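Listing of entry_3.txt, compact mmCIF, C-alpha atoms
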# COMPACT_ATOMS: atom_id res chain seq x y z
CA MET A 1 10.81 -51.25 -43.00
CA ILE A 2 12.20 -50.81 -39.51
CA LYS A 3 15.80 -50.32 -38.53
CA VAL A 4 16.68 -50.02 -34.87
CA GLU A 5 20.28 -49.19 -33.99
CA ASN A 6 21.65 -49.23 -30.46
CA LEU A 7 18.36 -48.13 -29.03
CA LYS A 8 18.74 -47.43 -25.31
CA LYS A 9 16.13 -46.50 -22.77
CA ARG A 10 16.99 -46.43 -19.10
CA TYR A 11 14.56 -46.68 -16.26
CA GLU A 12 15.33 -46.88 -12.58
CA ASP A 13 15.32 -50.67 -12.47
CA PHE A 14 15.40 -51.58 -16.13
CA CYS A 15 17.44 -50.82 -19.22
CA LEU A 16 16.41 -51.49 -22.81
CA ASP A 17 19.32 -51.95 -25.19
CA LEU A 18 18.81 -53.42 -28.64
CA SER A 19 19.44 -53.33 -32.38
CA PHE A 20 17.50 -55.14 -35.06
CA GLU A 21 16.02 -54.85 -38.48
CA LEU A 22 12.66 -55.78 -39.99
CA PRO A 23 12.97 -56.12 -43.77
CA LYS A 24 10.09 -55.77 -46.20
CA GLY A 25 7.78 -58.76 -46.21
CA ARG A 26 9.16 -60.17 -42.95
CA VAL A 27 7.01 -61.39 -40.08
CA SER A 28 8.95 -61.18 -36.83
CA GLY A 29 7.91 -62.09 -33.32
CA LEU A 30 9.04 -60.66 -30.02
CA VAL A 31 8.73 -63.09 -27.17
CA GLY A 32 9.67 -62.83 -23.54
CA ARG A 33 8.16 -62.85 -20.11
CA ASN A 34 6.02 -60.06 -18.74
CA GLY A 35 8.26 -57.09 -18.06
CA ALA A 36 10.98 -58.30 -20.41
CA GLY A 37 10.72 -55.14 -22.50
CA LYS A 38 8.48 -56.13 -25.42
CA SER A 39 6.03 -53.25 -25.09
CA THR A 40 8.79 -50.73 -24.38
CA THR A 41 10.50 -51.91 -27.57
CA LEU A 42 7.38 -51.38 -29.67
CA LYS A 43 6.65 -48.03 -28.04
CA SER A 44 10.20 -46.80 -28.63
CA ILE A 45 9.98 -47.83 -32.28
CA LEU A 46 6.92 -45.64 -32.64
CA GLY A 47 8.46 -42.80 -30.70
CA LEU A 48 5.83 -43.11 -27.96
CA VAL A 49 8.64 -43.63 -25.49
CA LYS A 50 11.53 -41.27 -25.96
CA ALA A 51 14.79 -43.17 -26.38
CA ASP A 52 17.89 -42.05 -24.50
CA GLU A 53 20.24 -43.11 -27.25
CA GLY A 54 20.30 -44.74 -30.67
CA SER A 55 18.12 -44.37 -33.71
CA VAL A 56 14.90 -45.83 -35.09
CA ARG A 57 14.12 -45.58 -38.77
CA ILE A 58 10.78 -46.51 -40.31
CA PHE A 59 10.42 -46.60 -44.11
CA GLY A 60 14.01 -45.27 -44.18
CA ARG A 61 13.14 -42.15 -42.23
CA ASP A 62 13.82 -41.17 -38.65
CA VAL A 63 10.71 -41.90 -36.62
CA LYS A 64 10.56 -38.23 -35.51
CA ASP A 65 10.30 -37.11 -39.14
CA LEU A 66 7.50 -39.42 -40.27
CA SER A 67 4.97 -37.62 -42.46
CA VAL A 68 1.22 -38.07 -42.18
CA GLU A 69 1.36 -40.21 -45.31
CA ASP A 70 4.02 -42.42 -43.70
CA LYS A 71 1.87 -42.82 -40.61
CA GLN A 72 -1.09 -43.86 -42.74
CA ARG A 73 0.99 -46.81 -43.89
CA LEU A 74 1.20 -48.09 -40.31
CA GLY A 75 -1.27 -50.46 -38.71
CA ILE A 76 -0.95 -50.39 -34.94
CA ALA A 77 -2.52 -52.18 -32.01
CA MET A 78 -0.96 -51.41 -28.64
CA SER A 79 -2.12 -52.92 -25.39
CA GLU A 80 -3.64 -49.75 -23.93
CA SER A 81 -4.76 -48.19 -27.20
CA ALA A 82 -8.48 -47.98 -27.82
CA PHE A 83 -11.27 -45.80 -29.04
CA SER A 84 -13.65 -44.25 -26.55
CA ALA A 85 -15.80 -46.93 -24.97
CA TYR A 86 -18.89 -44.84 -25.70
CA LEU A 87 -18.46 -45.17 -29.47
CA ASN A 88 -19.85 -48.00 -31.55
CA ILE A 89 -18.27 -49.62 -34.61
CA GLU A 90 -20.25 -47.47 -37.05
CA ALA A 91 -18.86 -44.31 -35.45
CA ILE A 92 -15.33 -45.73 -35.42
CA ALA A 93 -15.63 -46.54 -39.12
CA ARG A 94 -16.49 -42.91 -39.84
CA ILE A 95 -13.40 -41.77 -37.93
CA LEU A 96 -11.14 -44.28 -39.69
CA LYS A 97 -12.49 -43.17 -43.04
CA GLN A 98 -11.40 -39.61 -42.30
CA MET A 99 -8.01 -40.67 -40.99
CA TYR A 100 -6.96 -43.17 -43.62
CA PRO A 101 -7.42 -42.54 -47.35
CA ARG A 102 -6.87 -46.24 -47.92
CA PHE A 103 -9.57 -47.27 -45.41
CA GLU A 104 -11.59 -50.16 -46.84
CA GLU A 105 -15.02 -49.68 -45.42
CA GLU A 106 -16.73 -52.62 -47.04
CA ARG A 107 -14.03 -55.03 -45.95
CA PHE A 108 -13.96 -53.58 -42.46
CA PHE A 109 -17.65 -54.28 -41.93
CA GLU A 110 -17.28 -57.66 -43.58
CA LEU A 111 -14.58 -58.60 -41.07
CA CYS A 112 -16.63 -57.26 -38.16
CA LYS A 113 -19.51 -59.44 -39.29
CA LYS A 114 -17.28 -62.46 -39.73
CA MET A 115 -15.90 -61.93 -36.22
CA SER A 116 -19.45 -61.49 -34.84
CA LEU A 117 -18.96 -57.91 -33.68
CA PRO A 118 -22.22 -55.92 -33.37
CA VAL A 119 -21.80 -52.61 -35.20
CA ARG A 120 -24.30 -50.54 -33.23
CA LYS A 121 -23.41 -51.63 -29.71
CA GLN A 122 -21.16 -49.38 -27.60
CA ILE A 123 -17.64 -50.70 -27.13
CA LYS A 124 -18.08 -50.66 -23.35
CA GLU A 125 -20.56 -53.51 -23.73
CA PHE A 126 -17.97 -55.61 -25.56
CA SER A 127 -16.25 -58.63 -24.00
CA THR A 128 -12.43 -58.80 -23.76
CA GLY A 129 -12.32 -61.04 -26.81
CA MET A 130 -14.55 -58.72 -28.84
CA LYS A 131 -12.40 -55.71 -27.99
CA ALA A 132 -9.24 -57.60 -28.95
CA ARG A 133 -10.70 -58.67 -32.30
CA LEU A 134 -11.86 -55.12 -33.03
CA LYS A 135 -8.41 -53.74 -32.29
CA VAL A 136 -6.78 -56.09 -34.79
CA ILE A 137 -9.45 -55.47 -37.43
CA ILE A 138 -8.86 -51.72 -37.06
CA ALA A 139 -5.11 -52.18 -37.51
CA LEU A 140 -5.80 -54.15 -40.70
CA SER A 141 -8.48 -51.84 -42.07
CA HIS A 142 -6.40 -49.62 -44.34
CA ARG A 143 -3.91 -51.79 -46.23
CA ALA A 144 -1.02 -50.84 -43.97
CA ASP A 145 2.44 -51.82 -45.20
CA LEU A 146 3.80 -52.20 -41.70
CA LEU A 147 1.91 -53.71 -38.80
CA LEU A 148 2.98 -53.42 -35.17
CA LEU A 149 0.89 -55.44 -32.79
CA ASP A 150 1.58 -55.58 -29.07
CA GLU A 151 0.18 -58.73 -27.49
CA PRO A 152 -2.92 -58.87 -29.69
CA THR A 153 -3.86 -62.23 -28.20
CA ALA A 154 -3.23 -61.44 -24.52
CA GLY A 155 -5.93 -62.54 -22.12
CA LEU A 156 -7.86 -64.53 -24.72
CA ASP A 157 -8.83 -68.18 -24.74
CA VAL A 158 -7.36 -70.52 -27.31
CA GLU A 159 -10.26 -70.21 -29.74
CA ALA A 160 -10.26 -66.42 -29.70
CA ARG A 161 -6.49 -66.41 -30.12
CA ASN A 162 -6.73 -68.63 -33.17
CA GLU A 163 -9.40 -66.41 -34.70
CA ILE A 164 -7.11 -63.40 -34.39
CA LEU A 165 -4.14 -65.28 -35.80
CA ASP A 166 -6.24 -66.40 -38.75
CA ILE A 167 -7.30 -62.81 -39.52
CA LEU A 168 -3.60 -61.90 -39.50
CA ARG A 169 -2.64 -64.80 -41.75
CA ASP A 170 -5.34 -63.87 -44.26
CA TYR A 171 -4.15 -60.28 -44.28
CA LEU A 172 -0.55 -61.33 -44.86
CA ALA A 173 -1.58 -63.69 -47.66
CA GLU A 174 -3.46 -60.88 -49.39
CA ASN A 175 -0.71 -58.32 -48.84
CA GLU A 176 2.43 -60.20 -49.73
CA GLU A 177 4.72 -57.23 -49.23
CA ALA A 178 3.41 -56.27 -45.80
CA SER A 179 5.68 -56.64 -42.78
CA LEU A 180 4.58 -57.47 -39.28
CA LEU A 181 6.19 -57.12 -35.88
CA ILE A 182 4.15 -58.86 -33.21
CA SER A 183 4.80 -59.50 -29.54
CA SER A 184 3.38 -62.21 -27.37
CA HIS A 185 4.19 -64.05 -24.19
CA ILE A 186 2.20 -67.02 -25.53
CA SER A 187 4.81 -68.13 -27.94
CA SER A 188 2.96 -71.04 -29.50
CA ASP A 189 0.87 -68.30 -31.11
CA LEU A 190 3.96 -67.11 -32.92
CA GLU A 191 5.38 -70.46 -34.03
CA GLY A 192 2.89 -70.86 -36.84
CA LEU A 193 3.05 -67.24 -37.95
CA CYS A 194 6.48 -65.66 -37.63
CA ASP A 195 9.47 -66.08 -39.94
CA ASP A 196 11.84 -65.32 -37.11
CA ILE A 197 11.71 -64.84 -33.39
CA TYR A 198 13.49 -62.50 -31.03
CA LEU A 199 13.69 -63.61 -27.43
CA ILE A 200 13.85 -60.56 -25.21
CA ASN A 201 14.90 -60.74 -21.60
CA ASP A 202 15.79 -57.86 -19.30
CA GLY A 203 15.59 -55.40 -22.17
CA LYS A 204 18.09 -57.27 -24.33
CA ILE A 205 17.86 -59.66 -27.26
CA LEU A 206 18.91 -62.99 -25.83
CA LEU A 207 18.38 -64.94 -29.02
CA HIS A 208 17.37 -64.28 -32.60
CA GLU A 209 16.61 -67.26 -34.83
CA ALA A 210 14.47 -68.26 -37.80
CA THR A 211 11.37 -70.05 -36.51
CA ASP A 212 11.93 -73.18 -38.56
CA GLU A 213 15.56 -73.45 -37.40
CA LEU A 214 14.28 -73.09 -33.88
CA LEU A 215 11.76 -75.88 -34.34
CA ASP A 216 14.11 -78.15 -36.34
CA LYS A 217 17.40 -77.86 -34.51
CA TYR A 218 16.54 -76.80 -31.00
CA GLY A 219 15.40 -79.29 -28.46
CA VAL A 220 15.17 -80.13 -24.79
CA ILE A 221 17.20 -82.99 -23.36
CA LYS A 222 15.87 -84.47 -20.16
CA ALA A 223 18.79 -85.97 -18.30
CA ASP A 224 19.24 -87.63 -14.92
CA GLU A 225 22.27 -86.76 -12.81
CA ALA A 226 24.45 -89.50 -14.34
CA LEU A 227 23.70 -88.52 -17.94
CA PHE A 228 24.08 -84.86 -17.09
CA GLU A 229 27.60 -85.50 -15.75
CA ARG A 230 28.87 -87.22 -18.89
CA LEU A 231 26.93 -85.18 -21.44
CA ASP A 232 29.05 -83.12 -23.83
CA LYS A 233 27.91 -79.57 -23.06
CA GLU A 234 29.27 -78.03 -26.24
CA HIS A 235 25.88 -77.47 -27.86
CA ILE A 236 23.97 -76.71 -24.69
CA LEU A 237 22.68 -73.16 -24.54
CA ALA A 238 21.23 -73.27 -21.06
CA TYR A 239 19.92 -75.71 -18.51
CA ARG A 240 17.66 -75.82 -15.56
CA LYS A 241 17.54 -78.07 -12.49
CA GLU A 242 14.48 -80.29 -12.38
CA LYS A 243 13.17 -82.88 -9.93
CA TYR A 244 14.35 -85.73 -12.20
CA GLY A 245 17.73 -84.14 -12.94
CA TYR A 246 18.23 -81.47 -15.56
CA ALA A 247 16.41 -80.02 -18.57
CA LEU A 248 18.99 -78.87 -21.09
CA PHE A 249 18.26 -76.62 -24.03
CA THR A 250 20.29 -77.38 -27.16
CA ASP A 251 20.55 -75.94 -30.66
CA ALA A 252 21.81 -79.26 -32.05
CA LYS A 253 19.35 -81.94 -31.02
CA ASP A 254 20.45 -84.28 -33.84
CA TYR A 255 23.95 -84.37 -32.41
CA TYR A 256 22.66 -85.57 -29.05
CA LYS A 257 20.19 -87.98 -30.62
CA GLU A 258 23.05 -89.64 -32.46
CA ASN A 259 25.55 -89.71 -29.63
CA TYR A 260 23.24 -90.35 -26.70
CA PRO A 261 20.52 -92.61 -28.12
CA GLU A 262 19.34 -93.39 -24.58
CA ALA A 263 18.58 -89.75 -23.77
CA VAL A 264 15.05 -88.38 -23.84
CA ILE A 265 15.03 -85.54 -26.36
CA GLU A 266 11.99 -83.46 -27.17
CA ASN A 267 11.37 -80.95 -29.93
CA GLY A 268 12.09 -77.48 -28.67
CA SER A 269 9.29 -74.99 -28.47
CA ILE A 270 9.60 -71.28 -27.98
CA ASP A 271 8.02 -71.68 -24.58
CA ASP A 272 10.92 -73.90 -23.51
CA LEU A 273 13.20 -71.21 -24.76
CA ILE A 274 11.62 -68.61 -22.52
CA LEU A 275 11.56 -70.93 -19.55
CA ILE A 276 15.13 -72.12 -19.77
CA MET A 277 16.97 -69.30 -21.53
CA GLY A 278 15.12 -66.56 -19.72
CA LYS A 279 16.39 -67.84 -16.41
CA ARG A 280 19.98 -68.37 -17.43
CA ARG A 281 21.46 -66.05 -14.85
CA GLU A 282 19.81 -67.88 -12.03
CA GLY A 283 20.72 -71.29 -13.44
CA MET N 284 -3.76 -78.89 -51.83
CA ARG N 285 -3.71 -81.79 -49.45
CA ILE N 286 -0.68 -81.27 -47.27
CA ILE N 287 -0.65 -82.38 -43.67
CA ILE N 288 1.91 -81.02 -41.25
CA ASN N 289 2.88 -83.01 -38.19
CA ASN N 290 4.12 -80.48 -35.67
CA SER N 291 5.41 -83.04 -33.23
CA SER N 292 7.38 -84.95 -35.84
CA MET N 293 11.16 -84.85 -35.74
CA VAL N 294 11.14 -84.35 -39.52
CA PRO N 295 11.69 -80.63 -40.24
CA ILE N 296 8.52 -78.90 -41.40
CA TYR N 297 9.99 -77.73 -44.71
CA GLU N 298 10.98 -81.33 -45.47
CA GLN N 299 7.43 -82.46 -44.80
CA VAL N 300 6.19 -79.85 -47.28
CA VAL N 301 8.81 -80.84 -49.86
CA SER N 302 8.10 -84.55 -49.70
CA GLN N 303 4.34 -84.09 -49.89
CA ILE N 304 4.48 -81.75 -52.87
CA LYS N 305 6.91 -84.15 -54.51
CA ALA N 306 4.46 -86.99 -53.92
CA LEU N 307 1.62 -84.94 -55.45
CA ILE N 308 3.76 -84.31 -58.53
CA ILE N 309 4.78 -87.95 -58.85
CA GLN N 310 1.21 -89.16 -58.42
CA GLY N 311 0.17 -86.77 -61.18
CA GLU N 312 -2.13 -84.77 -58.92
CA LEU N 313 -0.02 -81.72 -59.65
CA LYS N 314 0.60 -81.42 -63.38
CA GLU N 315 3.01 -79.52 -65.56
CA GLY N 316 2.19 -75.82 -65.53
CA ASP N 317 0.06 -76.00 -62.37
CA ILE N 318 0.71 -73.06 -60.09
CA LEU N 319 1.50 -73.62 -56.42
CA PRO N 320 -0.23 -71.38 -53.86
CA SER N 321 1.73 -68.19 -53.11
CA VAL N 322 4.19 -68.48 -50.25
CA ARG N 323 2.00 -66.50 -47.86
CA ASN N 324 -1.16 -68.33 -48.91
CA MET N 325 0.44 -71.69 -48.34
CA ALA N 326 1.81 -70.45 -45.01
CA ALA N 327 -1.63 -69.25 -43.94
CA GLU N 328 -3.23 -72.51 -45.03
CA LEU N 329 -0.75 -74.73 -43.20
CA ARG N 330 -0.28 -72.31 -40.29
CA ILE N 331 3.47 -72.30 -40.66
CA SER N 332 5.86 -69.42 -41.29
CA SER N 333 6.32 -68.11 -44.84
CA LEU N 334 10.06 -68.56 -44.54
CA THR N 335 9.48 -72.29 -44.09
CA VAL N 336 7.31 -72.43 -47.22
CA LYS N 337 9.90 -70.42 -49.13
CA LYS N 338 12.61 -72.83 -48.05
CA ALA N 339 10.50 -75.74 -49.31
CA TYR N 340 9.80 -74.04 -52.66
CA ASP N 341 13.50 -73.18 -53.08
CA PHE N 342 14.41 -76.78 -52.39
CA LEU N 343 11.89 -78.06 -54.97
CA GLU N 344 13.28 -75.56 -57.46
CA GLU N 345 16.83 -76.80 -56.86
CA GLU N 346 15.64 -80.31 -57.58
CA GLY N 347 14.14 -79.08 -60.84
CA LEU N 348 10.56 -79.95 -59.90
CA VAL N 349 9.21 -76.40 -59.96
CA THR N 350 10.20 -73.03 -61.40
CA THR N 351 9.57 -69.71 -59.73
CA VAL N 352 8.88 -66.82 -62.06
CA HIS N 353 9.33 -63.57 -60.19
CA GLY N 354 6.03 -61.77 -59.76
CA LYS N 355 4.08 -64.62 -61.34
CA GLY N 356 4.39 -67.54 -58.99
CA THR N 357 5.82 -71.00 -58.66
CA PHE N 358 4.98 -73.48 -61.43
CA VAL N 359 5.23 -77.25 -61.61
CA ASN N 360 7.70 -78.47 -64.23
CA ALA N 361 7.12 -81.39 -66.54
CA ALA N 362 7.61 -84.44 -64.37
CA ASP N 363 10.50 -86.43 -65.63
CA ARG N 364 9.08 -89.90 -66.25
CA GLN N 365 12.21 -91.71 -65.35
CA LEU N 366 12.48 -89.69 -62.17
CA ALA N 367 8.90 -90.53 -61.33
CA ALA N 368 9.43 -94.22 -61.97
CA GLU N 369 12.57 -94.18 -59.88
CA ALA N 370 10.82 -92.41 -57.04
CA ARG N 371 8.00 -94.94 -57.07
CA ARG N 372 10.47 -97.78 -57.02
CA LYS N 373 12.32 -96.16 -54.16
CA ALA N 374 9.07 -95.78 -52.21
CA VAL N 375 8.35 -99.49 -52.60
CA GLU N 376 11.88 -100.34 -51.47
CA ASP N 377 11.52 -98.14 -48.42
CA GLU N 378 8.28 -99.75 -47.37
CA LEU N 379 9.59 -103.23 -47.93
CA SER N 380 12.63 -102.53 -45.82
CA LEU N 381 10.35 -101.28 -43.05
CA VAL N 382 8.43 -104.55 -43.18
CA LEU N 383 11.65 -106.55 -43.18
CA GLY N 384 12.78 -104.64 -40.12
CA LYS N 385 9.57 -105.64 -38.41
CA ALA N 386 10.03 -109.28 -39.42
CA PHE N 387 13.57 -109.23 -38.09
CA SER N 388 12.58 -107.83 -34.73
CA ALA N 389 9.75 -110.38 -34.52
CA GLY N 390 12.45 -113.06 -34.76
CA LEU N 391 11.49 -114.51 -38.14
CA ASN N 392 14.34 -116.06 -40.09
CA LYS N 393 15.17 -115.53 -43.75
CA GLU N 394 13.34 -118.59 -44.94
CA GLU N 395 10.14 -117.80 -43.06
CA VAL N 396 10.12 -114.29 -44.42
CA SER N 397 10.64 -115.42 -47.95
CA GLN N 398 7.85 -117.99 -47.57
CA ILE N 399 5.42 -115.26 -46.52
CA PHE N 400 6.66 -113.11 -49.32
CA GLU N 401 6.19 -115.83 -51.96
CA ILE N 402 2.61 -116.51 -50.85
CA LEU N 403 1.66 -112.84 -50.87
CA LEU N 404 3.43 -112.31 -54.15
CA GLU N 405 1.41 -115.05 -55.82
CA ASP N 406 -1.84 -113.74 -54.33
CA GLN N 407 -1.22 -110.26 -55.59
CA TYR N 408 0.14 -110.97 -59.05
CA ASP N 409 -2.10 -113.87 -60.03
CA GLN N 410 -5.18 -111.87 -59.13
CA SER N 411 -4.33 -108.94 -61.31
Is it possible to give me this structure as structure tokens?
Amino acid sequence: MIKVENLKKRYEDFCLDLSFELPKGRVSGLVGRNGAGKSTTLKSILGLVKADEGSVRIFGRDVKDLSVEDKQRLGIAMSESAFSAYLNIEAIARILKQMYPRFEEERFFELCKKMSLPVRKQIKEFSTGMKARLKVIIALSHRADLLLLDEPTAGLDVEARNEILDILRDYLAENEEASLLISSHISSDLEGLCDDIYLINDGKILLHEATDELLDKYGVIKADEALFERLDKEHILAYRKEKYGYALFTDAKDYYKENYPEAVIENGSIDDLILIMGKRREG
Amino acid sequence: MRIIINNSSMVPIYEQVVSQIKALIIQGELKEGDILPSVRNMAAELRISSLTVKKAYDFLEEEGLVTTVHGKGTFVNAADRQLAAEARRKAVEDELSLVLGKAFSAGLNKEEVSQIFEILLEDQYDQS
């Protein structure tokens, strides 16, 4: 669905440089700290940011040559994208109907109702959570084959985030072939949704791993100075100094569990990954 | 389907799915020809990734418990009776060994354990 090859975008203080592929039916997550390059990545894929080098292909076609029909197969929610705040949902539905032949009006209003969005109120009266839900519902309103969502859960409380994730899960269950590329800096959101995760740091892919491998094999070892000294570092990806000693990030927690039964080893989460891996250069 | 995922368990999530579906088949709650939820439906229900569900289904297929027909879904195979009986026996063994471990760490000796066992055995089997 998406093929990115040697995509480069240089800014004064930042350089994006990555290659990856999103096959049909795949749900991939981009994680990383603020400013790591997640939004720039998504914008470059869509051609909203002009790349300096490399190529981006969507549906097998260069992104510059996408036809109107190709674009109708995309469902997008970017962080700054929105309809005019003076419109209400009824007006937006009329616009969507004109734009997308596959727009499903009935379902759209059904989802708005389910998500308690008033259809006659102007968007400017909406809360942050309401606007975020609307954005996702719009992206899912026309049976898109490829969804690109930039931080759809940013700034929301845990309940609102779960609601959005559940709408996404339902959509994916109903559209088995659909692919999704989603970014978030709240990575626990992605653990229960994505097939694989890309950790982006400083514009580069620091790690790419299937989510279940990440959760099964990766872990955090909490070691005091003495244990840290004698610990075999072969399967340690990164570590960080802590008050009690060191937190070490491993991709082989079973190995350490077997050989160092006295060590405290926790299941790895993607948040640990960002915290420890993202700071490797300083560590 | 009643499947409960423990996210903080050290047991890999796909293994949790496998063992619970297996248990449902052995208990007869899932019968021959029953269709499992689609990969994405199961993923949505359990809030885990579809790749994890797919891994679990593939594993069950390798063990001959289910068959995936492309475009149709994943179906439960006829449960092999001997396999089921073996699995039940194994489950009992596992639990007994857990209990014995407990007895051992509580400092009970062989004789004491077997006394307890005899009493409970009589209670259970004479009642039924």
Margin query: Would you pick out the contacts of Asn88 of chain A at 10 Å or less, using only C-alpha atoms, so that residues sharing its chain but fewer than 4 positions from it are not included, and give the list as a PyMOL selection string?
Written below: chain A and resi 83-84+92-93+118-126
Please identify all residues of chain N having at least one atom at most 6 Å from any atom of chain A, considering all atoms listed in the file, and return them as a PDB file with C-alpha atoms, keeping the file's coordinate frame.
ATOM      1  CA  PRO N 295      11.690 -80.630 -40.240  1.00  0.00           C
ATOM      2  CA  ARG N 323       2.000 -66.500 -47.860  1.00  0.00           C
ATOM      3  CA  ASN N 324      -1.160 -68.330 -48.910  1.00  0.00           C
ATOM      4  CA  ALA N 327      -1.630 -69.250 -43.940  1.00  0.00           C
ATOM      5  CA  ARG N 330      -0.280 -72.310 -40.290  1.00  0.00           C
ATOM      6  CA  ILE N 331       3.470 -72.300 -40.660  1.00  0.00           C
ATOM      7  CA  SER N 332       5.860 -69.420 -41.290  1.00  0.00           C
ATOM      8  CA  LEU N 334      10.060 -68.560 -44.540  1.00  0.00           C
TER       9      LEU N 334
END
Next item on the list: Quick one: pull the distance between atom CA of Ser302 of chain N and atom CA of Asn162 of chain A, Å, one decimal.
Entry: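 Interatomic distance, atom CA of Ser302 of chain N to atom CA of Asn162 of chain A: 27.3 Å.
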Next item on the list: Please identify all polymer residues lying at most 9 Å from the point (10.5, -72.9, -53.6) (file coordinates), using all atoms listed in the file, and present the result as a PyMOL selection string.
Entry: chain N and resi 301+322+336-345+349-351+357
Margin query: Residues proximal to (4.5, -83.8, -62.0) were defined as those with any atom within 8 Å of that point in the file's coordinates, counting all atoms listed in the file. Which are they, as a PyMOL selection string?
Written below: chain N and resi 305+307-315+348+359-363
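Here the question is which of A:Ala77, A:Leu22, A:Val49, A:Ile2 gets nearest to Ile137 of chain A using all atoms listed in the file, and that residue is A:Ala77.
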With 3 Å on each side, where is the centre of the axis-aligned box around all listed atoms of segment 386-395 of chain N, and how long are its edges in Å to one decimal, as JSON?
{"center_x": 12.5, "center_y": -113.2, "center_z": -39.7, "size_x": 11.4, "size_y": 16.8, "size_z": 16.4}
Item checked: Close residues, Glu5 of chain A itself excluded, 8 Å, all atoms listed in the file, min 5 positions apart in chain, as JSON, numbers by chain -> {"A": [18, 19, 20, 54, 55, 56]}
Note to self: Please list as number ranges by chain every residue within 9 Å of segment 394-409 of chain N, counting all atoms listed in the file and excluding residues in the same chain fewer than 4 positions away.
What the structure shows: N: 383, 386-387
Could the residues in this selection be saved with C-alpha atoms as a JSON list (two decimals), in the frame of the given file?
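Dumped to out31.json:
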[["chain", "number", "residue", "atom", "x", "y", "z"],
["N", 383, "LEU", "CA", 11.65, -106.55, -43.18],
["N", 386, "ALA", "CA", 10.03, -109.28, -39.42],
["N", 387, "PHE", "CA", 13.57, -109.23, -38.09]]
Next item on the list: Do a neighbour search on Ala238 of chain A at 7 Å with only C-alpha atoms, toss out local chain neighbours closer than 5 positions, and write the hits as JSON, numbers by chain.
Entry: {"A": [248, 249, 276, 277, 280]}
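Computed from the coordinates, the atom CA of Lys131 of chain A to atom CA of Pro101 of chain A distance equals 23.9 Å.
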